[in-house]
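What follows is run_0.pdb (PDB, C-alpha atoms and all ligand atoms).
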```pdb
ATOM      1  CA  MET P   1       0.000   0.000   0.000
ATOM      2  CA  PHE P   2       1.351   3.422  -0.955
ATOM      3  CA  SER P   3       1.735   6.079   1.680
ATOM      4  CA  LEU P   4       1.063   9.605   0.416
ATOM      5  CA  LEU P   5       1.442  13.011   2.025
ATOM      6  CA  VAL P   6      -0.922  15.882   1.212
ATOM      7  CA  LEU P   7       0.908  19.024   2.215
ATOM      8  CA  ASN P   8      -0.710  22.455   2.266
ATOM      9  CA  GLY P   9       1.080  25.734   2.783
ATOM     10  CA  PRO P  10       0.344  29.220   4.047
ATOM     11  CA  ASN P  11      -3.191  30.543   4.504
ATOM     12  CA  LEU P  12      -4.830  27.401   3.168
ATOM     13  CA  ASN P  13      -6.161  26.810   6.694
ATOM     14  CA  LEU P  14      -8.513  29.737   5.881
ATOM     15  CA  LEU P  15     -10.203  27.891   3.027
ATOM     16  CA  GLY P  16     -13.971  28.120   3.113
ATOM     17  CA  THR P  17     -13.935  31.012   5.551
ATOM     18  CA  ARG P  18     -12.589  33.950   3.480
ATOM     19  CA  GLN P  19     -12.495  35.046  -0.199
ATOM     20  CA  PRO P  20     -14.954  32.317  -1.384
ATOM     21  CA  GLU P  21     -15.135  34.055  -4.788
ATOM     22  CA  ILE P  22     -11.515  32.991  -5.423
ATOM     23  CA  TYR P  23     -11.026  29.883  -3.292
ATOM     24  CA  GLY P  24     -14.564  28.497  -2.904
ATOM     25  CA  THR P  25     -16.519  27.431   0.151
ATOM     26  CA  THR P  26     -14.959  24.041   0.854
ATOM     27  CA  THR P  27     -12.911  23.962   4.055
ATOM     28  CA  LEU P  28      -9.459  22.436   4.353
ATOM     29  CA  ALA P  29     -10.856  19.835   6.795
ATOM     30  CA  GLU P  30     -13.339  18.750   4.100
ATOM     31  CA  ILE P  31     -10.598  18.569   1.463
ATOM     32  CA  GLU P  32      -8.397  16.509   3.783
ATOM     33  CA  ALA P  33     -11.253  14.102   4.602
ATOM     34  CA  ASP P  34     -11.895  13.689   0.850
ATOM     35  CA  CYS P  35      -8.181  13.009   0.281
ATOM     36  CA  VAL P  36      -8.161  10.250   2.918
ATOM     37  CA  ALA P  37     -11.308   8.700   1.404
ATOM     38  CA  ARG P  38      -9.937   8.953  -2.142
ATOM     39  CA  GLY P  39      -6.695   7.400  -0.940
ATOM     40  CA  GLU P  40      -8.601   4.430   0.508
ATOM     41  CA  ARG P  41     -10.328   3.868  -2.842
ATOM     42  CA  LEU P  42      -6.958   4.070  -4.617
ATOM     43  CA  GLY P  43      -5.316   1.703  -2.143
ATOM     44  CA  ALA P  44      -3.155   4.382  -0.546
ATOM     45  CA  ARG P  45      -2.746   5.656   3.001
ATOM     46  CA  VAL P  46      -3.035   9.450   2.955
ATOM     47  CA  THR P  47      -1.788  11.711   5.712
ATOM     48  CA  CYS P  48      -2.394  15.459   5.642
ATOM     49  CA  LEU P  49      -0.483  18.402   7.029
ATOM     50  CA  GLN P  50      -0.878  22.175   6.741
ATOM     51  CA  SER P  51       1.554  24.808   7.902
ATOM     52  CA  ASN P  52       1.939  28.549   7.525
ATOM     53  CA  HIS P  53       5.698  28.240   8.060
ATOM     54  CA  GLU P  54       8.243  27.624   5.320
ATOM     55  CA  GLY P  55      10.633  25.718   7.614
ATOM     56  CA  THR P  56       7.880  23.407   8.845
ATOM     57  CA  LEU P  57       6.964  22.578   5.247
ATOM     58  CA  ILE P  58      10.627  21.874   4.482
ATOM     59  CA  ASP P  59      10.902  19.651   7.583
ATOM     60  CA  ALA P  60       7.793  17.753   6.477
ATOM     61  CA  ILE P  61       9.291  17.182   3.008
ATOM     62  CA  HIS P  62      12.540  15.913   4.573
ATOM     63  CA  ALA P  63      10.605  13.626   6.953
ATOM     64  CA  ALA P  64       8.580  12.220   4.057
ATOM     65  CA  ARG P  65      11.696  10.506   2.771
ATOM     66  CA  GLY P  66      11.473   6.947   4.059
ATOM     67  CA  THR P  67       7.922   7.371   5.380
ATOM     68  CA  HIS P  68       5.963   8.326   2.261
ATOM     69  CA  ASP P  69       6.045   7.314  -1.401
ATOM     70  CA  GLY P  70       4.969  10.673  -2.804
ATOM     71  CA  ILE P  71       3.597  14.113  -2.021
ATOM     72  CA  VAL P  72       0.735  16.282  -3.237
ATOM     73  CA  LEU P  73       1.893  19.815  -2.520
ATOM     74  CA  ASN P  74      -0.057  23.046  -2.525
ATOM     75  CA  ALA P  75       2.721  25.352  -1.389
ATOM     76  CA  GLY P  76       0.448  28.415  -1.560
ATOM     77  CA  ALA P  77       2.352  31.663  -2.060
ATOM     78  CA  TYR P  78       5.692  29.935  -1.292
ATOM     79  CA  THR P  79       5.262  28.362  -4.745
ATOM     80  CA  HIS P  80       6.273  31.691  -6.235
ATOM     81  CA  THR P  81       9.082  32.599  -3.839
ATOM     82  CA  SER P  82      10.777  29.623  -2.225
ATOM     83  CA  VAL P  83      14.054  28.341  -3.611
ATOM     84  CA  ALA P  84      14.409  26.544  -0.248
ATOM     85  CA  LEU P  85      11.257  24.522  -0.892
ATOM     86  CA  MET P  86      12.487  23.688  -4.403
ATOM     87  CA  ASP P  87      15.818  22.494  -2.966
ATOM     88  CA  ALA P  88      14.021  20.379  -0.340
ATOM     89  CA  ILE P  89      11.897  18.661  -2.993
ATOM     90  CA  ALA P  90      14.926  18.003  -5.185
ATOM     91  CA  SER P  91      16.919  16.656  -2.215
ATOM     92  CA  VAL P  92      14.415  13.974  -1.145
ATOM     93  CA  GLY P  93      13.847  12.618  -4.641
ATOM     94  CA  LEU P  94      10.190  11.776  -3.992
ATOM     95  CA  PRO P  95       7.580  12.308  -6.710
ATOM     96  CA  VAL P  96       5.702  15.535  -6.006
ATOM     97  CA  VAL P  97       2.503  16.628  -7.727
ATOM     98  CA  GLU P  98       2.149  20.408  -7.578
ATOM     99  CA  LEU P  99      -1.431  21.406  -6.886
ATOM    100  CA  HIS P 100      -3.280  24.717  -6.956
ATOM    101  CA  LEU P 101      -6.966  25.361  -6.489
ATOM    102  CA  SER P 102      -6.888  28.329  -8.859
ATOM    103  CA  ASN P 103      -5.388  28.518 -12.335
ATOM    104  CA  ILE P 104      -2.189  30.340 -11.392
ATOM    105  CA  HIS P 105      -1.412  30.964 -15.076
ATOM    106  CA  ALA P 106      -4.616  32.958 -15.533
ATOM    107  CA  ARG P 107      -3.939  35.181 -12.529
ATOM    108  CA  GLU P 108      -1.401  37.944 -11.772
ATOM    109  CA  PRO P 109       1.967  37.605 -13.552
ATOM    110  CA  PHE P 110       3.820  36.990 -10.260
ATOM    111  CA  ARG P 111       1.805  33.768  -9.828
ATOM    112  CA  HIS P 112       2.915  32.421 -13.223
ATOM    113  CA  ARG P 113       6.359  31.523 -11.945
ATOM    114  CA  SER P 114       6.591  28.373  -9.832
ATOM    115  CA  TYR P 115       9.738  27.232  -8.051
ATOM    116  CA  VAL P 116       8.003  23.899  -7.430
ATOM    117  CA  ALA P 117       7.292  23.138 -11.103
ATOM    118  CA  PRO P 118      10.892  22.332 -12.199
ATOM    119  CA  VAL P 119      11.214  19.655  -9.491
ATOM    120  CA  ALA P 120       7.635  18.329  -9.681
ATOM    121  CA  LEU P 121       6.306  15.316 -11.514
ATOM    122  CA  GLY P 122       3.571  17.559 -12.874
ATOM    123  CA  GLN P 123       1.168  20.330 -12.025
ATOM    124  CA  ILE P 124      -2.611  20.380 -11.583
ATOM    125  CA  CYS P 125      -4.276  23.768 -11.220
ATOM    126  CA  GLY P 126      -7.582  25.479 -11.774
ATOM    127  CA  PHE P 127      -9.941  22.674 -10.782
ATOM    128  CA  GLY P 128     -10.655  23.798  -7.214
ATOM    129  CA  PRO P 129     -10.790  21.158  -4.455
ATOM    130  CA  ARG P 130     -11.379  18.446  -7.067
ATOM    131  CA  GLY P 131      -7.746  18.890  -8.063
ATOM    132  CA  TYR P 132      -6.561  17.112  -4.918
ATOM    133  CA  GLY P 133      -8.297  13.891  -5.970
ATOM    134  CA  LEU P 134      -6.889  14.235  -9.490
ATOM    135  CA  ALA P 135      -3.405  14.743  -8.031
ATOM    136  CA  LEU P 136      -3.699  11.641  -5.829
ATOM    137  CA  GLU P 137      -4.885   9.612  -8.803
ATOM    138  CA  ALA P 138      -1.949  10.833 -10.925
ATOM    139  CA  LEU P 139       0.511  10.072  -8.132
ATOM    140  CA  VAL P 140      -0.777   6.523  -7.583
ATOM    141  CA  ALA P 141      -0.767   5.861 -11.359
ATOM    142  CA  HIS P 142       2.828   7.084 -11.492
ATOM    143  CA  LEU P 143       3.900   4.902  -8.543
ATOM    144  CA  GLU P 144       2.139   1.832  -9.968
ATOM    145  CA  ALA P 145       3.858   2.320 -13.324
ATOM    146  CA  ARG P 146       7.307   2.581 -11.736
ATOM    147  CA  PRO P 147       9.683  -0.271 -12.442
ATOM    148  CA  ALA P 148      10.067  -2.517  -9.356
TER
HETATM  149  O1  LIG P 201      -4.595  28.429  -6.031
HETATM  150  C1  LIG P 201      -3.926  27.979  -5.097
HETATM  151  O2  LIG P 201      -4.132  26.899  -4.561
HETATM  152  C2  LIG P 201      -2.777  28.848  -4.532
HETATM  153  O3  LIG P 201      -1.710  27.983  -4.170
HETATM  154  C3  LIG P 201      -3.347  29.542  -3.309
HETATM  155  C4  LIG P 201      -2.390  30.544  -2.692
HETATM  156  C5  LIG P 201      -1.854  31.499  -3.737
HETATM  157  O4  LIG P 201      -0.888  32.358  -3.156
HETATM  158  C6  LIG P 201      -1.243  30.768  -4.912
HETATM  159  O5  LIG P 201      -0.829  31.721  -5.867
HETATM  160  C7  LIG P 201      -2.257  29.849  -5.551
HETATM  161  C8  LIG P 201      -3.080  31.361  -1.611
HETATM  162  C9  LIG P 201      -3.776  30.547  -0.573
HETATM  163  C10 LIG P 201      -4.603  31.479   0.237
HETATM  164  O6  LIG P 201      -5.703  30.759   0.719
HETATM  165  C11 LIG P 201      -6.728  31.476   1.225
HETATM  166  C12 LIG P 201      -7.882  30.784   1.437
HETATM  167  C13 LIG P 201      -8.980  31.439   1.922
HETATM  168  C14 LIG P 201      -8.901  32.776   2.229
HETATM  169  C15 LIG P 201      -7.727  33.466   2.027
HETATM  170  C16 LIG P 201      -6.622  32.802   1.532
END
```

Whole structure given in structure tokens:
Amino acid sequence: MFSLLVLNGPNLNLLGTRQPEIYGTTTLAEIEADCVARGERLGARVTCLQSNHEGTLIDAIHAARGTHDGIVLNAGAYTHTSVALMDAIASVGLPVVELHLSNIHAREPFRHRSYVAPVALGQICGFGPRGYGLALEALVAHLEARPA
């Protein structure tokens, strides 16, 4: 059974409570419960973590090595700023699916650049909370297709 980490970054704990016109009305707790349920259907154990702190996210990525087979990462605004997060992802060598609720490419120019993208398996954005399930599916398909 695969073990997957769903990691959410800064301000995503506010989901469903503020700016619903951009980020919708689904709460992070609901998204995380859906991820666990989707994981069960895919034959994967999903654990979820959210932090507003860059270092905590980096620690979680480091700790995932040896405990998890892959990561779904919504790094929030750190996506567009954090070389440290990019280095952490590259250093653990785990497959990471970059996830965004909104279509970052259709928003302000500063959101078009992602430091996660060059070290990610792929990127899913613009599909709202449904994107998390798509990301888990893509990650499991990737892990199942890996040579033994
Ligand atoms: O679309 C996404 O998932 C983002 O990663 C969300 C980040 C944003 O900085 C990225 O460019 C795209 C922001 C998360 C803020 O979440 C909030 C949720 C509710 C209320 C306020 C902020």

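The two atoms in question, atom C15 of ligand LIG 201 (chain P) and CA of Ala135 in chain P, are spaced 21.7 Å apart.
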
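CA of Glu32 in chain P to CA of Val72 in chain P spans 11.5 Å [interatomic distance, one decimal].
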
Report as number ranges by chain the full result of the PyMOL selection byres (((not hetatm)) within 6 of (chain P and resi 201)) when it is applied to this structure. P: 11-12, 14-15, 18-19, 23, 74-77, 100-102, 104, 111

Pairwise distance, CA of Val6 in chain P with CA of Glu108 in chain P, equals 25.6 Å

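Distance annotation: of P:Pro20, P:Gly122, P:Gly55, P:Pro147, the residue with the minimal separation from Leu134 in chain P is P:Gly122; atom set is all atoms listed in the file.
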
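Among the candidates P:Val96, P:Ile22, P:Leu7, P:Ala141, the residue lying nearest to His53 in chain P is P:Leu7 (atoms considered: only C-alpha atoms).
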
task: Spell out the residues picked by the PyMOL selection byres (((chain P and resi 98) around 6) and not hetatm) here, as a list of chain:residue names.
output: P:Leu73, P:Val97, P:Leu99, P:Gln123

Mind writing the picked residues with C-alpha atoms as an mmCIF file, in the frame of the given file?
```cif
data_model
loop_
_atom_site.group_PDB
_atom_site.id
_atom_site.type_symbol
_atom_site.label_atom_id
_atom_site.label_comp_id
_atom_site.auth_asym_id
_atom_site.auth_seq_id
_atom_site.Cartn_x
_atom_site.Cartn_y
_atom_site.Cartn_z
ATOM 1 C CA LEU P 73 1.893 19.815 -2.520
ATOM 2 C CA VAL P 97 2.503 16.628 -7.727
ATOM 3 C CA LEU P 99 -1.431 21.406 -6.886
ATOM 4 C CA GLN P 123 1.168 20.330 -12.025
#
```

With the file shown as input, list the residues that the PyMOL selection byres (((chain P and resi 121) around 10) and not hetatm) selects, as a PDB file with C-alpha atoms, in the coordinates of the input.
```pdb
ATOM      1  CA  GLY P  70       4.969  10.673  -2.804  1.00  0.00           C
ATOM      2  CA  ILE P  71       3.597  14.113  -2.021  1.00  0.00           C
ATOM      3  CA  LEU P  94      10.190  11.776  -3.992  1.00  0.00           C
ATOM      4  CA  PRO P  95       7.580  12.308  -6.710  1.00  0.00           C
ATOM      5  CA  VAL P  96       5.702  15.535  -6.006  1.00  0.00           C
ATOM      6  CA  VAL P  97       2.503  16.628  -7.727  1.00  0.00           C
ATOM      7  CA  GLU P  98       2.149  20.408  -7.578  1.00  0.00           C
ATOM      8  CA  VAL P 116       8.003  23.899  -7.430  1.00  0.00           C
ATOM      9  CA  ALA P 117       7.292  23.138 -11.103  1.00  0.00           C
ATOM     10  CA  PRO P 118      10.892  22.332 -12.199  1.00  0.00           C
ATOM     11  CA  VAL P 119      11.214  19.655  -9.491  1.00  0.00           C
ATOM     12  CA  ALA P 120       7.635  18.329  -9.681  1.00  0.00           C
ATOM     13  CA  GLY P 122       3.571  17.559 -12.874  1.00  0.00           C
ATOM     14  CA  GLN P 123       1.168  20.330 -12.025  1.00  0.00           C
ATOM     15  CA  ALA P 138      -1.949  10.833 -10.925  1.00  0.00           C
ATOM     16  CA  LEU P 139       0.511  10.072  -8.132  1.00  0.00           C
ATOM     17  CA  HIS P 142       2.828   7.084 -11.492  1.00  0.00           C
TER      18      HIS P 142
END
```
